[in-house]
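Report on the structure given below.
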Amino acid sequence: MFCTDSGGDGPPLLLLHGLAGHCGEWDVLAARFTATHRVVAFDARGGGASTRRPRDVSRAAHVRDVLAVADRFGLDAGQLTLVGQSMGGVTALLTAAAHPELVRALVLIEADPDGPSPSLPGAIGAWLDSWPVPFPGAGAATAFFGGGAAGLAWAAGLVPGPGGLHPRVDRDVMVATVQENAHRDYWDAWGEVRCPVLVLRAGKGLLKQQEADRMAERHGATRIAVVPDAGHDAHLDDPAAVYGEMAAFLAEVTAAESEAGAAGDGAGA
């Protein structure tokens with residue numbers, strides 16, 4: 001498992017990228033948080049510099065990877081905030097549900113428990129088939145992926161190969177990775193989440209307001225925020241806004257913990 005440790009002091013943040021992405025997507029956001037947090041990210045199995053063709057791409061395997069990375073870097077149980085975008089958010093949600101003792105807070109960027117999504121594997125396959133591989137260069141790749149910071153980040157996930165730049169993911173592995181989502185939802189897991197949650201919805205993204213509202217209805221400790229001018233890759237399109245919402249949310253979590261601690265001390269006096 002390929003990981004990046006940005007260092008920093010304070011409670012740990014573990015960052016989980018979306019399908020076919022890579023941990024370098026988090027670099028700008030990670031740099032903003034190292035003044036107040038210990039920041040770690042990793043390439044999910046099947047992509048980036050991690051194992052390209054793992055035998056197991058189930059959600060359970062991805063959850064085990066989160067646990068392994070947290071253990072490897074000594075990220076303190078009960079102090080960890082998981083931050084996940086898209087499929088990385090699903091992994092973060094499932095980890096928080098299955099291991100409430102580990103997770104202090106949860107940030108879901110353009111991610112939700114909804115499903116099943118029968119068309120998703122086909123859509124992912126068609127999307128990957130549309131990539132004009134090999135890309136002749138970084139400029140062409142950046143333009144194909146929409147330009148801007150998001151285009152640059154997706155282009156940075158490619159590697160040199162015969163004739164140009166190639167993806168670090170295999171189509172069949174990515175399609176297999178979303179098979180569970182085709183057949184089920186994760187609302188049962190959502191009901192097991194015990195920590196405070198920030199749901200970040202992009203104004204031009206895929207997560208709908210009604211879905212975010214449904215999440216808040218089922219989990220009272222949920223804050224919903226919107227990054228109005230961002231797309232599905234909100235952490236790339238507007239990292240300053242994402243940082244602001246996350247920092248405000250984490251400050252609220254800290255304040256609530258301090259208040260609860262003070263109340264507990266008073267009750268024991």
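In the structure tokens, the first chain shown is A, the next is B, and so on; residue numbers restart at 1 for each chain, and ligands run from 1 in the order shown.
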
Between region 170-228 of chain A and region 73-85 of chain A, at 10 Å or less, what are the per-residue closest atom pairs and their distances in Å? Count only C-alpha atoms, order by chain and rising residue number, and return it as CSV.
```
residue,atom,partner,partner_atom,distance
A:Cys195,CA,A:Thr81,CA,9.6
A:Pro196,CA,A:Thr81,CA,9.8
A:Val197,CA,A:Thr81,CA,9.6
A:Leu198,CA,A:Val83,CA,9.3
A:Leu200,CA,A:Gln85,CA,9.2
```

message: as a ChimeraX atom specification, please: the residues near Arg218 (chain A) (cut-off 8 Å, only C-alpha atoms, same-chain neighbours under 3 positions excluded).
response: /A:191,214-215

Emit the selected residues as a PDB file, in the first residue's frame, including all heavy atoms.
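Result file part.pdb:
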```
ATOM      1  N   GLY A 191     -26.612   3.746   9.543  1.00  0.00           N
ATOM      2  CA  GLY A 191     -27.276   3.701  10.837  1.00  0.00           C
ATOM      3  C   GLY A 191     -26.362   3.305  11.982  1.00  0.00           C
ATOM      4  O   GLY A 191     -26.719   3.503  13.153  1.00  0.00           O
ATOM      5  N   ARG A 214     -31.599  13.425   3.527  1.00  0.00           N
ATOM      6  CA  ARG A 214     -31.984  12.111   4.047  1.00  0.00           C
ATOM      7  C   ARG A 214     -30.923  11.577   5.001  1.00  0.00           C
ATOM      8  O   ARG A 214     -31.251  10.979   6.042  1.00  0.00           O
ATOM      9  CB  ARG A 214     -32.196  11.142   2.881  1.00  0.00           C
ATOM     10  CG  ARG A 214     -32.720   9.776   3.275  1.00  0.00           C
ATOM     11  CD  ARG A 214     -32.836   8.873   2.049  1.00  0.00           C
ATOM     12  NE  ARG A 214     -33.277   7.538   2.419  1.00  0.00           N
ATOM     13  CZ  ARG A 214     -33.189   6.481   1.619  1.00  0.00           C
ATOM     14  NH1 ARG A 214     -32.674   6.612   0.401  1.00  0.00           N
ATOM     15  NH2 ARG A 214     -33.598   5.283   2.014  1.00  0.00           N
ATOM     16  N   MET A 215     -29.660  11.813   4.676  1.00  0.00           N
ATOM     17  CA  MET A 215     -28.578  11.395   5.566  1.00  0.00           C
ATOM     18  C   MET A 215     -28.692  12.101   6.912  1.00  0.00           C
ATOM     19  O   MET A 215     -28.546  11.482   7.972  1.00  0.00           O
ATOM     20  CB  MET A 215     -27.225  11.681   4.912  1.00  0.00           C
ATOM     21  CG  MET A 215     -26.957  10.845   3.667  1.00  0.00           C
ATOM     22  SD  MET A 215     -25.501  11.384   2.731  1.00  0.00           S
ATOM     23  CE  MET A 215     -24.172  10.810   3.813  1.00  0.00           C
TER      24      MET A 215
END
```

Using only C-alpha atoms, which residues of region 52-124 of chain A come within 10 Å of region 14-26 of chain A, and what is the closest atom pair for each, with the distance in Å to one decimal? Give it as CSV, sorted by chain and residue number.
```
residue,atom,partner,partner_atom,distance
A:Val66,CA,A:Leu14,CA,8.4
A:Val69,CA,A:Leu14,CA,8.7
A:Ala70,CA,A:Leu14,CA,7.9
A:Leu75,CA,A:Leu14,CA,8.6
A:Leu80,CA,A:Leu14,CA,7.3
A:Thr81,CA,A:Leu14,CA,6.4
A:Leu82,CA,A:Leu14,CA,5.1
A:Val83,CA,A:Leu15,CA,4.8
A:Gly84,CA,A:Leu16,CA,4.5
A:Gln85,CA,A:Gly18,CA,5.3
A:Ser86,CA,A:Gly18,CA,5.0
A:Met87,CA,A:Gly18,CA,4.7
A:Gly88,CA,A:Gly18,CA,4.7
A:Gly89,CA,A:Leu16,CA,6.9
A:Val90,CA,A:Gly18,CA,9.1
A:Thr91,CA,A:Leu16,CA,7.9
A:Ala92,CA,A:Leu16,CA,7.4
A:Leu106,CA,A:Leu14,CA,10.0
A:Val107,CA,A:Leu15,CA,9.4
A:Leu108,CA,A:Leu16,CA,9.8
A:Ile109,CA,A:Gly18,CA,9.6
A:Glu110,CA,A:Gly18,CA,9.7
A:Ala111,CA,A:Gly18,CA,9.4
A:Ile124,CA,A:Leu19,CA,9.3
```

Pairwise distance for CA of Gly7 (chain A) and CA of Thr51 (chain A), rounded to one decimal in Å: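 Rounded to one decimal, the two atoms are 24.0 Å apart.
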
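Compared by their closest atoms to His235 (chain A), and using only C-alpha atoms, the residues A:Asp188, A:Asp27, A:Gly161, A:Trp127 rank with A:Asp27 nearest.
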
Of the listed residues A:Arg32, A:His37, A:His62, A:Arg45, that which approaches Val169 (chain A) most closely, counting only C-alpha atoms: A:Arg45

- prompt: Which residues, written as a PyMOL selection string, have at least one atom at most 12 Å from region 142-152 of chain A, with only C-alpha atoms counted and residues fewer than 6 positions away on the same chain left out?
  reply: chain A and resi 21+24-28+127-128+130-136+158+165+230-239

For those residues, write N, CA and C atoms to a file as a compact mmCIF listing (two decimals), in the first residue's frame.
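The file below, result_21.txt, is the result:
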```txt
# COMPACT_ATOMS: atom_id res chain seq x y z
N GLY A 21 -8.53 7.21 -8.77
CA GLY A 21 -7.71 8.37 -8.42
C GLY A 21 -6.39 7.97 -7.77
N GLY A 24 -2.15 11.77 -4.45
CA GLY A 24 -1.65 13.09 -4.77
C GLY A 24 -2.74 14.13 -4.94
N GLU A 25 -3.97 13.68 -5.15
CA GLU A 25 -5.10 14.61 -5.24
C GLU A 25 -5.26 15.45 -3.99
N TRP A 26 -4.76 14.95 -2.87
CA TRP A 26 -4.97 15.62 -1.59
C TRP A 26 -3.86 16.60 -1.22
N ASP A 27 -2.84 16.74 -2.05
CA ASP A 27 -1.65 17.49 -1.64
C ASP A 27 -1.97 18.91 -1.19
N VAL A 28 -2.80 19.62 -1.95
CA VAL A 28 -3.09 21.02 -1.60
C VAL A 28 -3.85 21.09 -0.27
N TRP A 127 -16.77 5.00 -19.22
CA TRP A 127 -15.93 6.17 -18.92
C TRP A 127 -14.45 5.86 -19.16
N LEU A 128 -14.00 4.73 -18.65
CA LEU A 128 -12.59 4.36 -18.84
C LEU A 128 -12.29 4.06 -20.31
N SER A 130 -13.50 5.58 -22.72
CA SER A 130 -13.46 6.84 -23.45
C SER A 130 -12.11 7.54 -23.36
N TRP A 131 -11.24 7.09 -22.46
CA TRP A 131 -9.93 7.73 -22.33
C TRP A 131 -9.11 7.45 -23.59
N PRO A 132 -8.58 8.46 -24.25
CA PRO A 132 -7.80 8.26 -25.47
C PRO A 132 -6.37 7.82 -25.17
N VAL A 133 -6.23 6.62 -24.67
CA VAL A 133 -4.93 6.08 -24.25
C VAL A 133 -4.17 5.53 -25.46
N PRO A 134 -2.87 5.83 -25.60
CA PRO A 134 -2.11 6.69 -24.69
C PRO A 134 -2.35 8.17 -24.96
N PHE A 135 -2.28 8.95 -23.88
CA PHE A 135 -2.33 10.40 -24.05
C PHE A 135 -0.97 10.86 -24.58
N PRO A 136 -0.95 11.76 -25.57
CA PRO A 136 0.34 12.17 -26.13
C PRO A 136 1.21 12.96 -25.16
N LEU A 158 -1.28 9.69 -14.28
CA LEU A 158 -0.83 8.86 -15.40
C LEU A 158 0.68 8.62 -15.32
N LEU A 165 1.34 8.69 -22.31
CA LEU A 165 0.97 8.51 -20.90
C LEU A 165 -0.19 7.52 -20.77
N ALA A 230 -18.16 24.04 -7.32
CA ALA A 230 -17.31 22.87 -7.54
C ALA A 230 -18.09 21.74 -8.18
N GLY A 231 -17.36 20.87 -8.86
CA GLY A 231 -17.92 19.64 -9.39
C GLY A 231 -17.66 18.48 -8.45
N HIS A 232 -17.81 17.26 -8.96
CA HIS A 232 -17.67 16.06 -8.14
C HIS A 232 -16.32 16.01 -7.43
N ASP A 233 -15.26 16.50 -8.08
CA ASP A 233 -13.93 16.58 -7.45
C ASP A 233 -13.80 17.90 -6.70
N ALA A 234 -14.66 18.12 -5.73
CA ALA A 234 -14.71 19.40 -5.03
C ALA A 234 -13.39 19.72 -4.34
N HIS A 235 -12.70 18.69 -3.85
CA HIS A 235 -11.43 18.91 -3.15
C HIS A 235 -10.36 19.44 -4.09
N LEU A 236 -10.55 19.25 -5.40
CA LEU A 236 -9.63 19.77 -6.40
C LEU A 236 -10.13 21.10 -6.98
N ASP A 237 -11.44 21.18 -7.20
CA ASP A 237 -12.00 22.38 -7.81
C ASP A 237 -11.93 23.59 -6.89
N ASP A 238 -12.14 23.38 -5.60
CA ASP A 238 -12.14 24.51 -4.66
C ASP A 238 -11.61 24.06 -3.31
N PRO A 239 -10.30 23.78 -3.23
CA PRO A 239 -9.74 23.30 -1.96
C PRO A 239 -9.86 24.30 -0.84
```

message: Just to confirm, what's the straight-line distance from CA of Asp172 (chain A) to CA of Gly46 (chain A) in Å (one decimal)?
response: 10.0 Å

message: So that I can check the secondary structure, give me every residue of region 34-269 of chain A assigned alpha helix (DSSP H) by backbone DSSP, as a ChimeraX atom specification.
response: /A:59-72,87-98,120-129,138-144,148-156,171-177,179-183,187-190,209-218,234-237,239-268

task: Work out how far apart CA of Ser258 (chain A) and CA of Thr222 (chain A) are and give it in Å to one decimal.
output: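 One can read the CA of Ser258 (chain A) to CA of Thr222 (chain A) distance as 18.6 Å.
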
message: I need the residues of region 81-269 of chain A that end up classed as strand (DSSP E or B) by DSSP on the backbone, written out as a PyMOL selection string.
response: chain A and resi 81-85+103-109+135+159-161+164-166+197-202+222-227

message: Would you pick out the contacts of Ser58 (chain A) at 12 Å or less, using only C-alpha atoms, so that residues sharing its chain but fewer than 4 positions from it are not included, and give the list as a PyMOL selection string?
response: chain A and resi 44-46+54+62-65+87+90-91+94+173-181

- prompt: Nearest to Ala30 (chain A): which of A:Ala216, A:Asp5, A:Leu67, A:Arg52 is it, counting only C-alpha atoms?
  reply: A:Asp5

query: Could you pull the residues within 10 Å of Asp9 (chain A), counting only C-alpha atoms, minus those fewer than 4 positions along the same chain, as a list in words?
result: Phe33, Thr34, Ala35, Thr36, His37, Arg38 and Val39 of chain A

Residue selection dump (C-alpha atoms) as a CSV table (one decimal), in the first residue's frame:
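Full text of result_35.csv as output:
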```csv
chain,number,residue,atom,x,y,z
A,33,PHE,CA,-4.0,21.1,7.5
A,34,THR,CA,-0.5,20.2,8.6
A,35,ALA,CA,-0.5,23.3,10.9
A,36,THR,CA,-3.2,21.7,13.0
A,37,HIS,CA,-3.3,18.0,12.1
A,38,ARG,CA,-1.2,15.0,11.3
A,39,VAL,CA,-2.1,14.2,7.7
```

message: Please list as an MDAnalysis selection string every residue within 10 Å of Ser119 (chain A), counting only C-alpha atoms and excluding residues in the same chain fewer than 2 positions away.
response: chainID A and resid 116:117 121:124 179 181:183

Write a file of the just-selected residues containing C-alpha atoms, as a CSV table (one decimal), in the first residue's frame.
```csv
chain,number,residue,atom,x,y,z
A,116,PRO,CA,-28.3,0.0,-5.5
A,117,SER,CA,-26.9,1.4,-8.7
A,121,PRO,CA,-20.3,-0.8,-13.5
A,122,GLY,CA,-21.3,-0.2,-17.1
A,123,ALA,CA,-21.0,3.5,-16.7
A,124,ILE,CA,-17.5,3.2,-15.2
A,179,GLN,CA,-19.8,-4.2,-8.3
A,181,ASN,CA,-22.6,-0.8,-5.3
A,182,ALA,CA,-24.6,-2.2,-8.3
A,183,HIS,CA,-26.4,-4.6,-6.0
```

task: Return the single residue from A:Asp129, A:Ala221, A:Met1, A:Leu29 that is closest to Gly244 (chain A), with distances computed using only C-alpha atoms.
output: A:Leu29

message: Residues within 12 Å of Ala256 (chain A), please, as a PyMOL selection string. Count only C-alpha atoms; anything in the same chain fewer than 4 positions from it doesn't count.
response: chain A and resi 104-105+195-196+221+249-252+260-263

Which of A:Leu13, A:Gly163, A:Thr254, A:Asp229 sits closest to Leu102 (chain A) [using only C-alpha atoms]: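 Using only C-alpha atoms, Leu102 (chain A) sits closest to A:Leu13.
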